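**Q** upload_19.cif is reproduced below (mmCIF, C-alpha atoms, pLDDT in the B column; chains and numbers go by the auth columns).
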data_entry
#
loop_
_atom_site.group_PDB
_atom_site.id
_atom_site.type_symbol
_atom_site.label_atom_id
_atom_site.label_comp_id
_atom_site.label_asym_id
_atom_site.label_seq_id
_atom_site.Cartn_x
_atom_site.Cartn_y
_atom_site.Cartn_z
_atom_site.B_iso_or_equiv
_atom_site.auth_seq_id
_atom_site.auth_asym_id
ATOM 1 C CA MET A 1 82.506 322.470 88.526 64.00 23 A
ATOM 2 C CA ILE A 2 81.980 324.816 85.589 68.00 24 A
ATOM 3 C CA THR A 3 85.650 325.854 85.613 61.00 25 A
ATOM 4 C CA LYS A 4 86.763 322.209 85.366 64.00 26 A
ATOM 5 C CA LEU A 5 84.471 321.716 82.368 67.00 27 A
ATOM 6 C CA ILE A 6 85.879 324.822 80.687 65.00 28 A
ATOM 7 C CA ASP A 7 89.406 323.626 81.456 67.00 29 A
ATOM 8 C CA VAL A 8 88.664 320.252 79.827 69.00 30 A
ATOM 9 C CA VAL A 9 87.341 321.909 76.666 77.00 31 A
ATOM 10 C CA PHE A 10 89.735 324.885 76.413 76.00 32 A
ATOM 11 C CA GLY A 11 92.456 323.758 78.828 79.00 33 A
ATOM 12 C CA CYS A 12 96.096 324.671 78.960 83.00 34 A
ATOM 13 C CA ARG A 13 98.522 322.544 76.922 82.00 35 A
ATOM 14 C CA HIS A 14 101.277 322.984 79.544 83.00 36 A
ATOM 15 C CA SER A 15 103.905 323.538 76.881 86.00 37 A
ATOM 16 C CA ARG A 16 106.089 326.039 78.796 91.00 38 A
ATOM 17 C CA TYR A 17 107.579 325.212 82.194 93.00 39 A
ATOM 18 C CA SER A 18 109.640 327.012 84.798 94.00 40 A
ATOM 19 C CA PHE A 19 113.128 325.878 85.723 94.00 41 A
ATOM 20 C CA PRO A 20 112.950 322.924 88.157 94.00 42 A
ATOM 21 C CA VAL A 21 112.751 323.934 91.823 90.00 43 A
ATOM 22 C CA THR A 22 114.204 321.571 94.439 88.00 44 A
ATOM 23 C CA LEU A 23 112.747 321.815 97.928 80.00 45 A
ATOM 24 C CA ARG A 24 115.089 322.086 100.874 78.00 46 A
ATOM 25 C CA GLY A 25 114.554 321.942 104.608 69.00 47 A
ATOM 26 C CA ALA A 26 111.252 323.003 106.106 61.00 48 A
ATOM 27 C CA ALA A 27 110.143 325.010 103.070 58.00 49 A
ATOM 28 C CA ARG A 28 106.518 324.947 102.000 65.00 50 A
ATOM 29 C CA ARG A 29 106.129 321.631 100.238 65.00 51 A
ATOM 30 C CA PRO A 30 103.712 321.830 97.311 70.00 52 A
ATOM 31 C CA GLN A 31 101.901 318.622 96.520 75.00 53 A
ATOM 32 C CA ALA A 32 103.712 318.409 93.167 74.00 54 A
ATOM 33 C CA GLY A 33 107.091 318.438 94.917 78.00 55 A
ATOM 34 C CA ALA A 34 106.132 315.807 97.470 77.00 56 A
ATOM 35 C CA LEU A 35 106.700 312.931 95.024 79.00 57 A
ATOM 36 C CA THR A 36 110.207 313.756 93.793 83.00 58 A
ATOM 37 C CA GLY A 37 111.314 316.703 95.913 85.00 59 A
ATOM 38 C CA THR A 38 111.516 318.790 92.723 90.00 60 A
ATOM 39 C CA TYR A 39 108.744 320.442 90.737 91.00 61 A
ATOM 40 C CA VAL A 40 108.125 322.759 87.777 94.00 62 A
ATOM 41 C CA ALA A 41 105.245 325.141 87.132 92.00 63 A
ATOM 42 C CA CYS A 42 103.411 325.782 83.881 92.00 64 A
ATOM 43 C CA LEU A 43 104.216 329.360 82.872 92.00 65 A
ATOM 44 C CA ASP A 44 100.796 329.797 81.258 88.00 66 A
ATOM 45 C CA CYS A 45 98.400 328.553 83.953 88.00 67 A
ATOM 46 C CA GLY A 46 100.560 328.105 87.067 89.00 68 A
ATOM 47 C CA ARG A 47 99.818 324.424 87.645 89.00 69 A
ATOM 48 C CA GLU A 48 102.675 322.569 89.351 90.00 70 A
ATOM 49 C CA PHE A 49 104.037 319.189 88.220 92.00 71 A
ATOM 50 C CA PRO A 50 106.584 316.796 89.766 91.00 72 A
ATOM 51 C CA TYR A 51 109.932 316.761 87.969 92.00 73 A
ATOM 52 C CA ASP A 52 112.284 313.777 87.760 89.00 74 A
ATOM 53 C CA TRP A 53 115.743 315.354 87.924 88.00 75 A
ATOM 54 C CA GLU A 54 117.580 312.121 87.046 87.00 76 A
ATOM 55 C CA GLU A 55 115.529 311.525 83.880 88.00 77 A
ATOM 56 C CA MET A 56 115.165 315.289 83.292 90.00 78 A
ATOM 57 C CA ARG A 57 111.449 315.103 82.508 90.00 79 A
ATOM 58 C CA VAL A 58 108.143 316.387 83.795 91.00 80 A
ATOM 59 C CA ILE A 59 105.836 313.786 85.321 87.00 81 A
ATOM 60 C CA THR A 60 102.409 314.762 84.026 80.00 82 A
ATOM 61 C CA SER A 61 100.125 311.724 84.155 78.00 83 A
ATOM 62 C CA LEU A 62 99.072 309.385 86.940 75.00 84 A
ATOM 63 C CA ASP A 63 100.608 306.472 85.038 76.00 85 A
ATOM 64 C CA GLU A 64 103.975 308.238 84.972 79.00 86 A
ATOM 65 C CA ARG A 65 103.675 308.884 88.716 75.00 87 A
ATOM 66 C CA ARG A 66 103.005 305.190 89.350 79.00 88 A
ATOM 67 C CA GLU A 67 105.995 304.225 87.185 81.00 89 A
ATOM 68 C CA TYR A 68 108.218 306.643 89.109 78.00 90 A
ATOM 69 C CA VAL A 69 107.151 305.239 92.473 77.00 91 A
ATOM 70 C CA ALA A 70 107.602 301.668 91.194 79.00 92 A
ATOM 71 C CA SER A 71 111.125 302.489 89.972 80.00 93 A
ATOM 72 C CA LEU A 72 112.012 303.728 93.453 77.00 94 A
ATOM 73 C CA ALA A 73 110.882 300.439 94.992 74.00 95 A
ATOM 74 C CA THR A 74 113.217 298.342 92.824 71.00 96 A
#
For this file, write the structure as structure tokens.
**A**
Amino acid sequence: MITKLIDVVFGCRHSRYSFPVTLRGAARRPQAGALTGTYVACLDCGREFPYDWEEMRVITSLDERREYVASLAT
């Protein structure tokens, strides 16, 4: 609980990301990669984010995740 409060006040800006990693086969599937099959990690804090390879962008917010899922349905 305290760490989340500290993260909110002094949190990471997530300004530097790893190269996108695409999951194949029965590899460990991080939660971030479950949405798109590809994810990136913040090089400062290690947090993982889904990555949209077609749009070439990191999906960081819940609204962006909802938009991505909605675009798949159409």
**Q** Work out how far CA of Glu86 (chain A) is from CA of Arg35 (chain A), in Å to one decimal.
**A**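 Straight-line distance from CA of Arg35 (chain A) to CA of Glu86 (chain A) works out to 17.3 Å.
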**Q** Hey, can you check how far CA of Met78 (chain A) sits from CA of Val31 (chain A)?
**A**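 Those two atoms sit 29.4 Å apart.
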**Q** How many Å separate CA of Ser37 (chain A) from CA of Val91 (chain A)?
**A**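 Between CA of Ser37 (chain A) and CA of Val91 (chain A) the gap works out to 24.3 Å.
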**Q** Taking all atoms listed in the file into account, name the residue in A:Thr82, A:Ser93, A:Gly59, A:Gly68 that is nearest to Arg46 (chain A).
**A**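 Smallest separation from Arg46 (chain A) among the options: A:Gly59.
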**Q** Within 7 Å of (107.5, 324.9, 84.7) in the file's own coordinates, which protein, DNA or RNA residues have an atom, counting all atoms listed in the file? List them as a ChimeraX atom specification.
**A** /A:38-42,62-65
**Q** Using all atoms listed in the file, pick whichever of A:Ala92, A:Ala54, A:Cys67, A:Cys34 has the shortest atom-to-atom distance to Val80 (chain A).
**A**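 Looking at the shortest contact to Val80 (chain A), the residue is A:Ala54.
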**Q** Rank nothing, just name the residue among A:Arg88, A:Gly55, A:Arg69, A:Thr96 nearest to Gly33 (chain A), using all atoms listed in the file.
**A**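 When distances to Gly33 (chain A) are compared using all atoms listed in the file, the smallest one comes from A:Arg69.
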**Q** With distances taken over only C-alpha atoms, which of A:Leu45, A:Tyr61, A:Pro72, A:Asp66 is nearest to Leu84 (chain A)?
**A**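 That would be A:Pro72, the residue with the smallest distance to Leu84 (chain A).
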